[in-house]
file run-v7.txt (compact mmCIF, C-alpha atoms)
# COMPACT_ATOMS: atom_id res chain seq x y z
CA MET A 1 -49.00 141.52 -11.59
CA LYS A 2 -49.64 143.55 -14.73
CA TYR A 3 -50.04 140.40 -16.86
CA ASP A 4 -51.27 136.89 -16.20
CA VAL A 5 -49.36 135.45 -19.15
CA PHE A 6 -46.54 136.92 -21.26
CA GLY A 7 -46.13 134.93 -24.46
CA ILE A 8 -43.31 134.69 -26.96
CA GLY A 9 -43.59 132.98 -30.31
CA ASN A 10 -43.91 133.24 -34.05
CA ALA A 11 -46.13 135.86 -35.64
CA LEU A 12 -47.81 134.25 -38.64
CA VAL A 13 -50.89 135.23 -40.57
CA ASP A 14 -52.87 132.05 -41.17
CA LYS A 15 -54.46 131.57 -44.58
CA GLU A 16 -56.88 128.70 -44.21
CA PHE A 17 -58.23 126.39 -46.91
CA GLU A 18 -60.46 123.33 -47.06
CA VAL A 19 -58.60 120.84 -49.26
CA THR A 20 -58.75 117.25 -50.44
CA GLU A 21 -56.46 114.34 -49.62
CA ASP A 22 -55.60 114.19 -53.32
CA PHE A 23 -54.32 117.78 -53.27
CA LEU A 24 -51.90 117.00 -50.45
CA ALA A 25 -50.69 113.85 -52.20
CA ALA A 26 -50.28 115.59 -55.56
CA HIS A 27 -48.11 118.29 -53.98
CA GLY A 28 -46.09 115.94 -51.79
CA ILE A 29 -47.35 117.59 -48.59
CA GLN A 30 -47.01 115.55 -45.41
CA LYS A 31 -50.44 115.40 -43.82
CA GLY A 32 -50.93 116.47 -40.22
CA MET A 33 -47.52 118.10 -39.85
CA MET A 34 -46.08 121.61 -39.87
CA THR A 35 -43.46 121.92 -42.64
CA LEU A 36 -41.23 124.94 -43.20
CA ILE A 37 -41.03 126.13 -46.81
CA ASP A 38 -39.39 129.07 -48.60
CA GLU A 39 -41.24 132.09 -49.93
CA ALA A 40 -41.18 130.96 -53.58
CA LYS A 41 -42.73 127.60 -52.74
CA GLN A 42 -45.33 129.25 -50.54
CA GLN A 43 -46.35 131.65 -53.32
CA GLN A 44 -46.67 128.71 -55.70
CA LEU A 45 -48.71 126.78 -53.15
CA LEU A 46 -50.90 129.78 -52.39
CA ALA A 47 -51.67 130.25 -56.07
CA GLY A 48 -52.72 126.61 -56.39
CA LEU A 49 -54.82 126.68 -53.22
CA SER A 50 -56.54 129.93 -54.16
CA ALA A 51 -57.32 128.78 -57.68
CA THR A 52 -58.55 125.34 -56.64
CA PHE A 53 -60.34 125.96 -53.36
CA GLY A 54 -60.48 129.65 -52.48
CA MET A 55 -59.33 131.00 -49.11
CA LYS A 56 -61.74 130.24 -46.29
CA LYS A 57 -60.35 132.55 -43.63
CA ARG A 58 -57.44 134.82 -42.71
CA ALA A 59 -56.40 135.36 -39.09
CA SER A 60 -53.41 136.33 -37.00
CA GLY A 61 -51.85 133.08 -35.88
CA GLY A 62 -48.89 131.30 -34.43
CA SER A 63 -49.18 128.64 -31.74
CA ALA A 64 -48.43 130.82 -28.71
CA ALA A 65 -50.41 133.73 -30.15
CA ASN A 66 -53.52 131.54 -30.36
CA SER A 67 -53.05 130.52 -26.72
CA ILE A 68 -52.46 134.09 -25.58
CA VAL A 69 -55.60 135.25 -27.39
CA ALA A 70 -57.56 132.54 -25.58
CA VAL A 71 -56.27 133.72 -22.19
CA SER A 72 -57.27 137.27 -23.10
CA GLN A 73 -60.73 136.35 -24.39
CA PHE A 74 -61.49 134.43 -21.20
CA GLY A 75 -60.68 137.61 -19.28
CA GLY A 76 -56.96 137.32 -18.52
CA LYS A 77 -54.33 140.03 -18.90
CA THR A 78 -51.82 139.23 -21.61
CA PHE A 79 -48.83 140.48 -23.56
CA TYR A 80 -47.38 138.94 -26.72
CA ALA A 81 -43.82 139.54 -27.88
CA CYS A 82 -43.23 138.72 -31.54
CA LYS A 83 -42.00 140.23 -34.79
CA VAL A 84 -43.84 141.37 -37.91
CA ALA A 85 -42.72 143.48 -40.85
CA ASN A 86 -43.80 146.96 -41.89
CA ASP A 87 -46.24 145.64 -44.50
CA GLU A 88 -50.00 145.21 -44.87
CA THR A 89 -49.89 141.73 -43.40
CA GLY A 90 -47.97 142.96 -40.37
CA GLU A 91 -50.48 145.75 -39.78
CA PHE A 92 -53.32 143.24 -40.04
CA TYR A 93 -51.60 140.99 -37.52
CA MET A 94 -51.04 143.79 -35.01
CA ASN A 95 -54.61 145.09 -35.26
CA ASP A 96 -56.05 141.59 -34.95
CA LEU A 97 -54.16 140.93 -31.70
CA HIS A 98 -55.13 144.29 -30.25
CA ALA A 99 -58.78 143.69 -31.11
CA ALA A 100 -58.57 140.47 -29.08
CA GLY A 101 -57.35 142.42 -26.05
CA VAL A 102 -53.70 141.37 -26.26
CA ALA A 103 -51.09 144.02 -25.43
CA THR A 104 -48.06 144.27 -27.72
CA LYS A 105 -45.41 146.75 -28.75
CA LEU A 106 -45.77 145.87 -32.41
CA ASP A 107 -46.36 149.50 -33.33
CA GLN A 108 -42.71 150.06 -32.43
CA VAL A 109 -41.41 146.77 -33.82
CA ARG A 110 -43.01 146.90 -37.26
CA CYS A 111 -42.08 150.50 -37.97
CA SER A 112 -38.40 149.55 -37.82
CA SER A 113 -38.72 146.13 -39.46
CA GLU A 114 -38.24 145.81 -43.20
CA GLY A 115 -38.99 142.44 -44.70
CA VAL A 116 -42.02 140.19 -45.08
CA THR A 117 -44.43 139.13 -42.35
CA GLY A 118 -44.62 135.37 -41.91
CA LYS A 119 -47.52 133.37 -43.30
CA CYS A 120 -48.89 129.89 -42.74
CA MET A 121 -50.96 127.94 -45.25
CA VAL A 122 -53.38 125.91 -43.13
CA MET A 123 -54.94 123.07 -45.13
CA VAL A 124 -57.86 121.19 -43.59
CA THR A 125 -58.97 117.85 -45.04
CA PRO A 126 -62.51 116.41 -44.76
CA ASP A 127 -61.48 114.40 -41.68
CA ALA A 128 -60.81 117.77 -39.92
CA GLU A 129 -57.04 117.15 -39.76
CA ARG A 130 -54.91 120.27 -40.20
CA THR A 131 -51.71 120.39 -42.24
CA MET A 132 -49.49 123.46 -42.25
CA ASN A 133 -46.86 124.78 -44.64
CA THR A 134 -45.12 127.81 -43.19
CA PHE A 135 -42.89 130.57 -44.51
CA LEU A 136 -41.51 132.24 -41.38
CA GLY A 137 -40.48 135.49 -43.03
CA ILE A 138 -39.32 138.11 -40.56
CA THR A 139 -40.54 136.16 -37.54
CA ALA A 140 -37.48 133.93 -37.96
CA ASP A 141 -35.50 137.01 -36.86
CA PHE A 142 -37.40 137.37 -33.59
CA SER A 143 -34.62 138.25 -31.17
CA GLU A 144 -33.80 139.60 -27.73
CA ALA A 145 -34.46 143.09 -29.12
CA GLU A 146 -38.18 142.24 -29.39
CA LEU A 147 -38.54 140.63 -25.94
CA HIS A 148 -39.68 143.76 -24.04
CA LEU A 149 -38.21 142.45 -20.81
CA ASP A 150 -39.73 145.17 -18.61
CA GLU A 151 -43.15 143.77 -19.48
CA LEU A 152 -42.04 140.18 -18.90
CA LYS A 153 -40.92 141.02 -15.37
CA GLN A 154 -44.52 141.99 -14.56
CA ALA A 155 -46.13 138.66 -15.50
CA GLN A 156 -47.18 135.58 -13.55
CA TYR A 157 -46.11 133.25 -16.37
CA LEU A 158 -43.81 133.30 -19.36
CA TYR A 159 -45.21 131.06 -22.13
CA ILE A 160 -42.75 129.75 -24.73
CA GLU A 161 -43.74 128.28 -28.08
CA GLY A 162 -41.80 125.23 -29.24
CA TYR A 163 -41.71 126.43 -32.84
CA LEU A 164 -39.09 129.02 -31.85
CA VAL A 165 -36.56 126.19 -31.85
CA THR A 166 -36.22 126.32 -35.65
CA SER A 167 -34.38 129.66 -35.60
CA ASP A 168 -31.04 130.10 -33.79
CA ILE A 169 -31.74 133.78 -33.08
CA SER A 170 -35.25 133.07 -31.80
CA ARG A 171 -34.10 130.17 -29.66
CA ALA A 172 -31.51 132.47 -28.09
CA ALA A 173 -34.29 134.96 -27.34
CA ALA A 174 -36.30 132.23 -25.64
CA LEU A 175 -33.30 131.32 -23.48
CA LYS A 176 -32.85 134.98 -22.50
CA ALA A 177 -36.53 135.24 -21.60
CA ARG A 178 -36.26 132.12 -19.44
CA GLN A 179 -33.25 133.56 -17.63
CA VAL A 180 -34.95 136.90 -16.91
CA ALA A 181 -38.15 135.17 -15.83
CA LYS A 182 -36.26 133.02 -13.36
CA GLU A 183 -34.40 136.03 -11.96
CA HIS A 184 -37.66 137.90 -11.34
CA GLY A 185 -39.84 135.11 -9.98
CA VAL A 186 -41.87 134.64 -13.16
CA LYS A 187 -42.93 131.03 -13.72
CA THR A 188 -42.29 129.40 -17.09
CA ALA A 189 -44.67 127.36 -19.23
CA MET A 190 -43.64 125.76 -22.51
CA THR A 191 -45.28 123.79 -25.28
CA PHE A 192 -43.54 121.38 -27.65
CA SER A 193 -45.98 122.67 -30.33
CA ASP A 194 -45.54 119.87 -32.88
CA PRO A 195 -44.00 116.38 -33.06
CA ALA A 196 -41.73 117.60 -35.88
CA MET A 197 -40.08 120.09 -33.52
CA VAL A 198 -39.10 117.30 -31.14
CA ARG A 199 -38.11 114.91 -33.92
CA PHE A 200 -35.99 117.22 -36.08
CA PHE A 201 -34.78 119.87 -33.62
CA ARG A 202 -34.21 117.71 -30.56
CA SER A 203 -31.01 119.38 -29.32
CA GLY A 204 -32.65 122.80 -29.58
CA VAL A 205 -35.74 121.62 -27.71
CA ASN A 206 -33.49 120.28 -24.96
CA GLU A 207 -31.73 123.63 -24.81
CA MET A 208 -34.97 125.61 -24.59
CA LEU A 209 -36.44 123.27 -21.98
CA GLY A 210 -33.26 123.54 -19.92
CA ASP A 211 -33.69 122.29 -16.38
CA GLY A 212 -37.44 122.12 -16.88
CA ALA A 213 -40.62 124.21 -16.94
CA ASP A 214 -43.20 124.94 -14.27
CA ILE A 215 -45.82 123.76 -16.79
CA LEU A 216 -45.03 121.65 -19.86
CA PHE A 217 -47.68 121.04 -22.51
CA CYS A 218 -47.39 118.15 -24.97
CA ASN A 219 -49.43 115.44 -26.64
CA HIS A 220 -48.88 111.69 -26.58
CA GLU A 221 -46.86 111.62 -29.80
CA GLU A 222 -44.60 114.47 -28.72
CA VAL A 223 -43.83 112.97 -25.33
CA SER A 224 -43.15 109.60 -26.96
CA VAL A 225 -40.72 111.12 -29.47
CA PHE A 226 -39.02 113.15 -26.75
CA THR A 227 -38.51 110.23 -24.39
CA GLY A 228 -38.23 107.39 -26.91
CA LYS A 229 -40.94 105.58 -24.94
CA GLU A 230 -44.08 104.42 -26.75
CA ASP A 231 -45.74 103.35 -23.50
CA LEU A 232 -47.42 106.40 -21.96
CA GLU A 233 -46.57 105.54 -18.37
CA GLU A 234 -42.90 105.01 -19.23
CA ALA A 235 -42.88 108.29 -21.15
CA ILE A 236 -44.41 110.16 -18.22
CA ALA A 237 -41.81 108.77 -15.83
CA ALA A 238 -39.01 109.81 -18.19
CA ILE A 239 -40.21 113.37 -18.80
CA LYS A 240 -41.66 114.27 -15.40
CA PRO A 241 -38.30 115.52 -14.00
CA TYR A 242 -38.49 118.30 -16.61
CA ALA A 243 -41.96 119.51 -15.61
CA GLY A 244 -43.33 120.81 -12.34
CA LYS A 245 -46.75 120.28 -13.90
CA LEU A 246 -46.97 117.98 -16.92
CA VAL A 247 -50.06 118.42 -19.13
CA ILE A 248 -50.52 115.74 -21.79
CA THR A 249 -53.40 115.91 -24.26
CA LEU A 250 -54.66 112.51 -25.41
CA GLY A 251 -57.15 113.33 -28.15
CA SER A 252 -60.46 111.52 -27.74
CA LYS A 253 -59.20 110.11 -24.41
CA GLY A 254 -59.04 113.56 -22.85
CA ALA A 255 -55.93 114.75 -21.04
CA LEU A 256 -53.75 114.04 -18.05
CA VAL A 257 -52.16 116.44 -15.57
CA VAL A 258 -49.28 115.11 -13.48
CA ASP A 259 -47.56 117.05 -10.71
CA ASP A 260 -46.10 116.45 -7.26
CA ASP A 261 -49.61 116.18 -5.78
CA GLY A 262 -50.48 113.27 -8.07
CA ARG A 263 -52.38 112.97 -11.33
CA THR A 264 -55.65 114.35 -12.57
CA GLU A 265 -57.52 112.75 -15.44
CA ILE A 266 -59.38 115.22 -17.65
CA ALA A 267 -62.39 113.90 -19.51
CA ALA A 268 -62.80 114.59 -23.20
CA HIS A 269 -65.85 116.49 -24.42
CA PRO A 270 -66.97 114.83 -27.65
CA ALA A 271 -67.62 117.17 -30.55
CA LYS A 272 -68.20 116.95 -34.29
CA ALA A 273 -64.89 118.31 -35.53
CA VAL A 274 -64.65 120.30 -38.75
CA ASP A 275 -61.14 121.71 -38.16
CA THR A 276 -58.62 120.55 -35.54
CA ASN A 277 -56.33 123.53 -36.18
CA GLY A 278 -55.70 125.32 -32.90
CA ALA A 279 -57.18 122.66 -30.59
CA GLY A 280 -53.92 122.21 -28.67
CA ASP A 281 -53.33 125.97 -28.57
CA MET A 282 -56.81 126.52 -27.15
CA PHE A 283 -56.29 123.79 -24.55
CA ALA A 284 -53.04 125.41 -23.37
CA GLY A 285 -54.51 128.91 -23.32
CA ALA A 286 -57.59 127.87 -21.37
CA PHE A 287 -55.51 125.85 -18.90
CA LEU A 288 -53.14 128.78 -18.35
CA TYR A 289 -56.09 131.09 -17.78
CA GLY A 290 -57.52 128.71 -15.21
CA ILE A 291 -54.24 128.25 -13.33
CA THR A 292 -53.51 131.99 -13.22
CA GLN A 293 -57.01 132.64 -11.86
CA GLY A 294 -56.62 130.19 -8.98
CA MET A 295 -58.31 127.11 -10.43
CA ASP A 296 -56.98 123.70 -9.47
CA ASN A 297 -55.84 121.14 -12.06
CA ALA A 298 -59.28 119.57 -12.40
CA GLN A 299 -61.06 122.90 -12.91
CA ALA A 300 -58.45 124.29 -15.32
CA GLY A 301 -58.40 120.97 -17.18
CA LYS A 302 -62.17 120.89 -17.54
CA LEU A 303 -62.17 124.44 -18.91
CA ALA A 304 -59.39 123.55 -21.33
CA SER A 305 -61.11 120.37 -22.53
CA MET A 306 -64.42 122.15 -23.07
CA ALA A 307 -62.78 125.03 -24.92
CA ALA A 308 -60.77 122.70 -27.17
CA SER A 309 -63.88 120.68 -28.01
CA ARG A 310 -65.67 123.90 -28.92
CA VAL A 311 -62.94 125.32 -31.17
CA VAL A 312 -62.78 122.20 -33.36
CA THR A 313 -66.44 122.71 -34.31
CA VAL A 314 -65.64 125.94 -36.16
CA PHE A 315 -63.27 126.71 -39.00
CA GLY A 316 -60.15 128.44 -37.74
CA ALA A 317 -58.00 128.30 -34.62
CA ARG A 318 -60.01 130.68 -32.45
CA LEU A 319 -63.37 131.41 -30.88
CA ASP A 320 -64.98 134.81 -30.45
CA LYS A 321 -65.24 136.40 -27.01
CA ASP A 322 -68.87 135.39 -26.46
CA ALA A 323 -68.00 131.74 -27.12
CA HIS A 324 -65.13 131.93 -24.61
CA GLN A 325 -67.43 133.38 -21.99
CA ALA A 326 -70.08 130.74 -22.66
CA VAL A 327 -67.50 127.98 -22.09
CA LEU A 328 -66.30 129.69 -18.91
CA ALA A 329 -69.85 129.96 -17.59
CA ALA A 330 -70.42 126.23 -18.20
CA VAL A 331 -67.47 125.11 -16.05
call {"tool": "encode", "arguments": {"input": "run-v7.txt", "output": "C-alpha cells"}}
result
Amino acid sequence: MKYDVFGIGNALVDKEFEVTEDFLAAHGIQKGMMTLIDEAKQQQLLAGLSATFGMKKRASGGSAANSIVAVSQFGGKTFYACKVANDETGEFYMNDLHAAGVATKLDQVRCSSEGVTGKCMVMVTPDAERTMNTFLGITADFSEAELHLDELKQAQYLYIEGYLVTSDISRAAALKARQVAKEHGVKTAMTFSDPAMVRFFRSGVNEMLGDGADILFCNHEEVSVFTGKEDLEEAIAAIKPYAGKLVITLGSKGALVVDDDGRTEIAAHPAKAVDTNGAGDMFAGAFLYGITQGMDNAQAGKLASMAASRVVTVFGARLDKDAHQAVLAAV
C-alpha cells in the first residue's frame, strides 16, 4: 500500500501558553476540556494570554494530525486530508506537516480556499493539564471535496478524528470516507478525541461510528460517557460490539487492549509531566504505527505507552524525529 495510515481531521494551528488556575477561573474557562469559541472571543483571549504570559510555542495541530505526524516520524507512510485557508497560518500549517514527512494536497486546497485557518489556544496549568479553546475557522468546512479519495484507497487504515462530529459538513465527509474505505478493503480506526464530543454530540458520534471500527481509541471517561457505565468492565462489555480492537487509555494505570483474542494490559511508563497536551494523540499514533508494521497488541501498546510518557515531558503535543526513533529503539 502507498500509505500505512490516511488521516482525516481538523487543521488547527496550536498556540500554546503556560497559564495559572486563576486565569482560567477569571475567564470562565472549563479546565481540561476542549471548548469551541467564535473568532471574536478567541482574539480577545489571545490578547489576554499574550499580554499576561507570552506564547510558548506555535505548531500545526489537530488531534488526528498529531497522530499522523507520530506515525510518520516513527517511519510510517502517511497522508493527511484537511482544510486550511490561503493565509499565512495555512501556509505555516502545510509546511509544518510536510517537514514532518506527511503527504498532503494542501497546496491545491489552500490556493482555492478563502477564509481563516483554524486556531487552538492551548493553555497548560502547573499540574500539566491542558485546556483548549478552539476557533475552527475554515476547517469547519472540511468536506468531501477535500477527501482525496484516490489516496485513501491506497492506505492500510483510515483514521478518523472525533472532533469532526461538531460540523455537519465534516461529519458527512467522515461518513463518505468510511464508505469508500469499506468498499476498497481499507480498515477504519477512530478516536473519540474528547469527552465533550461524546457528551454533547452523542448522536453525531453514533453516526460516525456506525456499525463499528476496526480499532477504536478512547479513555476511561469517554467510554463511560458513551456507554453510561461508570464501571470499566461494564463499559467495555457495552462498547466492545462497536470495536474489532478496543484501545482504552487509563492514565497512570496504563492502557487496555481488548479484541477477539482476549485482552492485553499495557503498563504505564511513569514520567514527570509538564504538559499532557497530545498524550492521547501520541498513544494512538504510536499504536497505529506498530499495528501497521506487524507488531502485536503488546508490542504496539508498549511503544504507544513509552511514546506518550515521553511527549508529556516536553511542552507541546509532539516529539522530534530523533526522540521518536529513540523510543522505537527502546521497545
call {"tool": "residues_near_point", "arguments": {"input": "run-v7.txt", "point": "(-53.9, 140.8, -32.2)", "cutoff": "10 Å", "atoms": "only C-alpha atoms", "output": "list in words"}}
result
Ala11, Ala59, Ser60, Gly61, Ala65, Asn66, Ile68, Val69, Tyr80, Glu91, Phe92, Tyr93, Met94, Asn95, Asp96, Leu97, His98, Ala99, Ala100, Gly101, Val102, Ala103, Thr104 and Leu106 of chain A
call {"tool": "residues_around", "arguments": {"input": "run-v7.txt", "residues": "Gly204 (chain A)", "least_positions_apart": "3", "cutoff": "12 Å", "atoms": "only C-alpha atoms", "output": "JSON, numbers by chain"}}
result
{"A": [162, 163, 164, 165, 166, 167, 168, 169, 170, 171, 172, 174, 175, 192, 197, 198, 199, 200, 201, 207, 208, 209, 210, 226]}
call {"tool": "closest_atom_pairs", "arguments": {"input": "run-v7.txt", "of": "region 52-122 of chain A", "to": "region 300-312 of chain A", "cutoff": "12 Å", "atoms": "all atoms listed in the file", "output": "tab-separated table"}}
result
residue	atom	partner	partner_atom	distance
A:Asn66	CA	A:Val311	CA	11.3
A:Ser67	CA	A:Ala304	CA	10.9
A:Ala70	CA	A:Ala307	CA	9.2
A:Val71	CA	A:Ala304	CA	10.7
A:Gln73	CA	A:Ala307	CA	11.5
A:Phe74	CA	A:Ala307	CA	10.2
call {"tool": "residues_around", "arguments": {"input": "run-v7.txt", "residues": "Gly254 (chain A)", "least_positions_apart": "4", "cutoff": "7 Å", "atoms": "all atoms listed in the file", "output": "number ranges by chain"}}
result
A: 249-250, 266-268
call {"tool": "write_last_selection", "arguments": {"input": "run-v7.txt", "atoms": "C-alpha atoms", "output": "short mmCIF file (atom, residue, chain, number, x, y, z; two decimals), in the coordinates of the input"}}
result
data_model
loop_
_atom_site.label_atom_id
_atom_site.label_comp_id
_atom_site.auth_asym_id
_atom_site.auth_seq_id
_atom_site.Cartn_x
_atom_site.Cartn_y
_atom_site.Cartn_z
CA THR A 249 -53.40 115.91 -24.26
CA LEU A 250 -54.66 112.51 -25.41
CA ILE A 266 -59.38 115.22 -17.65
CA ALA A 267 -62.39 113.90 -19.51
CA ALA A 268 -62.80 114.59 -23.20
#
call {"tool": "atom_distance", "arguments": {"input": "run-v7.txt", "atom1": "CA of Gln108 (chain A)", "atom2": "CA of Val84 (chain A)"}}
result
10.3 Å
call {"tool": "residues_around", "arguments": {"input": "run-v7.txt", "residues": "Ala128 (chain A)", "least_positions_apart": "2", "cutoff": "7 Å", "atoms": "all atoms listed in the file", "output": "JSON, numbers by chain"}}
result
{"A": [124, 125, 126, 130, 273, 274, 275, 276]}
call {"tool": "write_last_selection", "arguments": {"input": "run-v7.txt", "atoms": "C-alpha atoms", "output": "mmCIF file, in the coordinates of the input"}}
result
data_model
loop_
_atom_site.group_PDB
_atom_site.id
_atom_site.type_symbol
_atom_site.label_atom_id
_atom_site.label_comp_id
_atom_site.auth_asym_id
_atom_site.auth_seq_id
_atom_site.Cartn_x
_atom_site.Cartn_y
_atom_site.Cartn_z
ATOM 1 C CA VAL A 124 -57.860 121.190 -43.590
ATOM 2 C CA THR A 125 -58.970 117.850 -45.040
ATOM 3 C CA PRO A 126 -62.510 116.410 -44.760
ATOM 4 C CA ARG A 130 -54.910 120.270 -40.200
ATOM 5 C CA ALA A 273 -64.890 118.310 -35.530
ATOM 6 C CA VAL A 274 -64.650 120.300 -38.750
ATOM 7 C CA ASP A 275 -61.140 121.710 -38.160
ATOM 8 C CA THR A 276 -58.620 120.550 -35.540
#
call {"tool": "closest_residue", "arguments": {"input": "run-v7.txt", "among": "A:Lys56, A:Lys119, A:Lys229, A:Lys182", "to": "Asp14 (chain A)", "atoms": "only C-alpha atoms"}}
result
A:Lys119
call {"tool": "atom_distance", "arguments": {"input": "run-v7.txt", "atom1": "CA of Ala255 (chain A)", "atom2": "CA of Ile29 (chain A)"}}
result
29.0 Å
call {"tool": "atom_distance", "arguments": {"input": "run-v7.txt", "atom1": "CA of Lys41 (chain A)", "atom2": "CA of Asn10 (chain A)"}}
result
19.6 Å
call {"tool": "closest_residue", "arguments": {"input": "run-v7.txt", "among": "A:Ala173, A:Met282, A:Ile215, A:Val327", "to": "Val247 (chain A)", "atoms": "all atoms listed in the file"}}
result
A:Ile215
call {"tool": "closest_atom_pairs", "arguments": {"input": "run-v7.txt", "of": "region 174-290 of chain A", "to": "region 136-149 of chain A", "cutoff": "12 Å", "atoms": "only C-alpha atoms", "output": "JSON lines"}}
result
{"residue": "A:Ala174", "atom": "CA", "partner": "A:Glu144", "partner_atom": "CA", "distance": 8.1}
{"residue": "A:Leu175", "atom": "CA", "partner": "A:Glu144", "partner_atom": "CA", "distance": 9.3}
{"residue": "A:Lys176", "atom": "CA", "partner": "A:Glu144", "partner_atom": "CA", "distance": 7.0}
{"residue": "A:Ala177", "atom": "CA", "partner": "A:Leu147", "partner_atom": "CA", "distance": 7.2}
{"residue": "A:Arg178", "atom": "CA", "partner": "A:Leu149", "partner_atom": "CA", "distance": 10.6}
{"residue": "A:Gln179", "atom": "CA", "partner": "A:Leu149", "partner_atom": "CA", "distance": 10.7}
{"residue": "A:Val180", "atom": "CA", "partner": "A:Leu149", "partner_atom": "CA", "distance": 7.5}
{"residue": "A:Ala181", "atom": "CA", "partner": "A:Leu149", "partner_atom": "CA", "distance": 8.8}
{"residue": "A:Glu183", "atom": "CA", "partner": "A:Leu149", "partner_atom": "CA", "distance": 11.6}
{"residue": "A:His184", "atom": "CA", "partner": "A:Leu149", "partner_atom": "CA", "distance": 10.5}
{"residue": "A:Val186", "atom": "CA", "partner": "A:Leu149", "partner_atom": "CA", "distance": 11.5}
call {"tool": "residues_near_point", "arguments": {"input": "run-v7.txt", "point": "(-42.3, 129.1, -47.1)", "cutoff": "10 Å", "atoms": "only C-alpha atoms", "output": "list in words"}}
result
Thr35, Leu36, Ile37, Asp38, Glu39, Ala40, Lys41, Gln42, Gln43, Gln44, Leu45, Gly118, Lys119, Cys120, Met121, Asn133, Thr134, Phe135, Leu136 and Gly137 of chain A
call {"tool": "write_last_selection", "arguments": {"input": "run-v7.txt", "atoms": "C-alpha atoms", "output": "short mmCIF file (atom, residue, chain, number, x, y, z; two decimals), in the coordinates of the input"}}
result
data_model
loop_
_atom_site.label_atom_id
_atom_site.label_comp_id
_atom_site.auth_asym_id
_atom_site.auth_seq_id
_atom_site.Cartn_x
_atom_site.Cartn_y
_atom_site.Cartn_z
CA THR A 35 -43.46 121.92 -42.64
CA LEU A 36 -41.23 124.94 -43.20
CA ILE A 37 -41.03 126.13 -46.81
CA ASP A 38 -39.39 129.07 -48.60
CA GLU A 39 -41.24 132.09 -49.93
CA ALA A 40 -41.18 130.96 -53.58
CA LYS A 41 -42.73 127.60 -52.74
CA GLN A 42 -45.33 129.25 -50.54
CA GLN A 43 -46.35 131.65 -53.32
CA GLN A 44 -46.67 128.71 -55.70
CA LEU A 45 -48.71 126.78 -53.15
CA GLY A 118 -44.62 135.37 -41.91
CA LYS A 119 -47.52 133.37 -43.30
CA CYS A 120 -48.89 129.89 -42.74
CA MET A 121 -50.96 127.94 -45.25
CA ASN A 133 -46.86 124.78 -44.64
CA THR A 134 -45.12 127.81 -43.19
CA PHE A 135 -42.89 130.57 -44.51
CA LEU A 136 -41.51 132.24 -41.38
CA GLY A 137 -40.48 135.49 -43.03
#
call {"tool": "closest_residue", "arguments": {"input": "run-v7.txt", "among": "A:Glu88, A:Glu265, A:Glu222, A:Glu16", "to": "Ala317 (chain A)", "atoms": "all atoms listed in the file"}}
result
A:Glu16
call {"tool": "axis_aligned_box", "arguments": {"input": "run-v7.txt", "around": "region 50-69 of chain A", "padding_each_side": "4 Å", "output": "lines of an AutoDock Vina configuration file"}}
result
center_x = -55.1
center_y = 130.8
center_z = -41.6
size_x = 21.3
size_y = 19.0
size_z = 40.1
call {"tool": "closest_residue", "arguments": {"input": "run-v7.txt", "among": "A:Asp296, A:Asp322, A:Asp127, A:Glu234", "to": "Gly75 (chain A)", "atoms": "all atoms listed in the file"}}
result
A:Asp322
call {"tool": "closest_residue", "arguments": {"input": "run-v7.txt", "among": "A:Thr89, A:Gly228, A:Lys105, A:Asn297", "to": "Asp261 (chain A)", "atoms": "only C-alpha atoms"}}
result
A:Asn297
call {"tool": "closest_residue", "arguments": {"input": "run-v7.txt", "among": "A:Val109, A:Met34, A:Val314, A:Ile291", "to": "Ser193 (chain A)", "atoms": "all atoms listed in the file"}}
result
A:Met34
call {"tool": "decode", "arguments": {"input": "run-v7.txt", "residues": "region 264-272 of chain A", "atoms": "N, CA, C and O atoms", "output": "PDB file, in the first residue's frame"}}
result
ATOM      1  N   THR A 264      -5.161  -7.384  26.535  1.00  0.00           N
ATOM      2  CA  THR A 264      -3.748  -7.145  26.796  1.00  0.00           C
ATOM      3  C   THR A 264      -3.616  -5.918  27.664  1.00  0.00           C
ATOM      4  O   THR A 264      -4.087  -4.834  27.285  1.00  0.00           O
ATOM      5  N   GLU A 265      -3.019  -6.079  28.829  1.00  0.00           N
ATOM      6  CA  GLU A 265      -2.788  -4.938  29.715  1.00  0.00           C
ATOM      7  C   GLU A 265      -1.466  -4.281  29.360  1.00  0.00           C
ATOM      8  O   GLU A 265      -0.439  -4.956  29.240  1.00  0.00           O
ATOM      9  N   ILE A 266      -1.510  -2.970  29.194  1.00  0.00           N
ATOM     10  CA  ILE A 266      -0.322  -2.193  28.823  1.00  0.00           C
ATOM     11  C   ILE A 266       0.132  -1.388  30.023  1.00  0.00           C
ATOM     12  O   ILE A 266      -0.626  -0.570  30.554  1.00  0.00           O
ATOM     13  N   ALA A 267       1.343  -1.614  30.450  1.00  0.00           N
ATOM     14  CA  ALA A 267       1.866  -0.916  31.628  1.00  0.00           C
ATOM     15  C   ALA A 267       2.124   0.551  31.328  1.00  0.00           C
ATOM     16  O   ALA A 267       2.496   0.921  30.210  1.00  0.00           O
ATOM     17  N   ALA A 268       1.911   1.383  32.328  1.00  0.00           N
ATOM     18  CA  ALA A 268       2.248   2.800  32.204  1.00  0.00           C
ATOM     19  C   ALA A 268       3.747   2.973  32.377  1.00  0.00           C
ATOM     20  O   ALA A 268       4.419   2.151  33.016  1.00  0.00           O
ATOM     21  N   HIS A 269       4.272   4.038  31.808  1.00  0.00           N
ATOM     22  CA  HIS A 269       5.682   4.386  31.983  1.00  0.00           C
ATOM     23  C   HIS A 269       5.712   5.733  32.694  1.00  0.00           C
ATOM     24  O   HIS A 269       5.502   6.775  32.074  1.00  0.00           O
ATOM     25  N   PRO A 270       5.952   5.716  34.000  1.00  0.00           N
ATOM     26  CA  PRO A 270       5.904   6.956  34.781  1.00  0.00           C
ATOM     27  C   PRO A 270       6.837   8.022  34.223  1.00  0.00           C
ATOM     28  O   PRO A 270       7.947   7.733  33.762  1.00  0.00           O
ATOM     29  N   ALA A 271       6.357   9.258  34.258  1.00  0.00           N
ATOM     30  CA  ALA A 271       7.152  10.379  33.769  1.00  0.00           C
ATOM     31  C   ALA A 271       6.748  11.636  34.524  1.00  0.00           C
ATOM     32  O   ALA A 271       5.626  11.740  35.012  1.00  0.00           O
ATOM     33  N   LYS A 272       7.660  12.577  34.602  1.00  0.00           N
ATOM     34  CA  LYS A 272       7.354  13.866  35.224  1.00  0.00           C
ATOM     35  C   LYS A 272       6.725  14.753  34.163  1.00  0.00           C
ATOM     36  O   LYS A 272       7.415  15.308  33.303  1.00  0.00           O
TER      37      LYS A 272
END
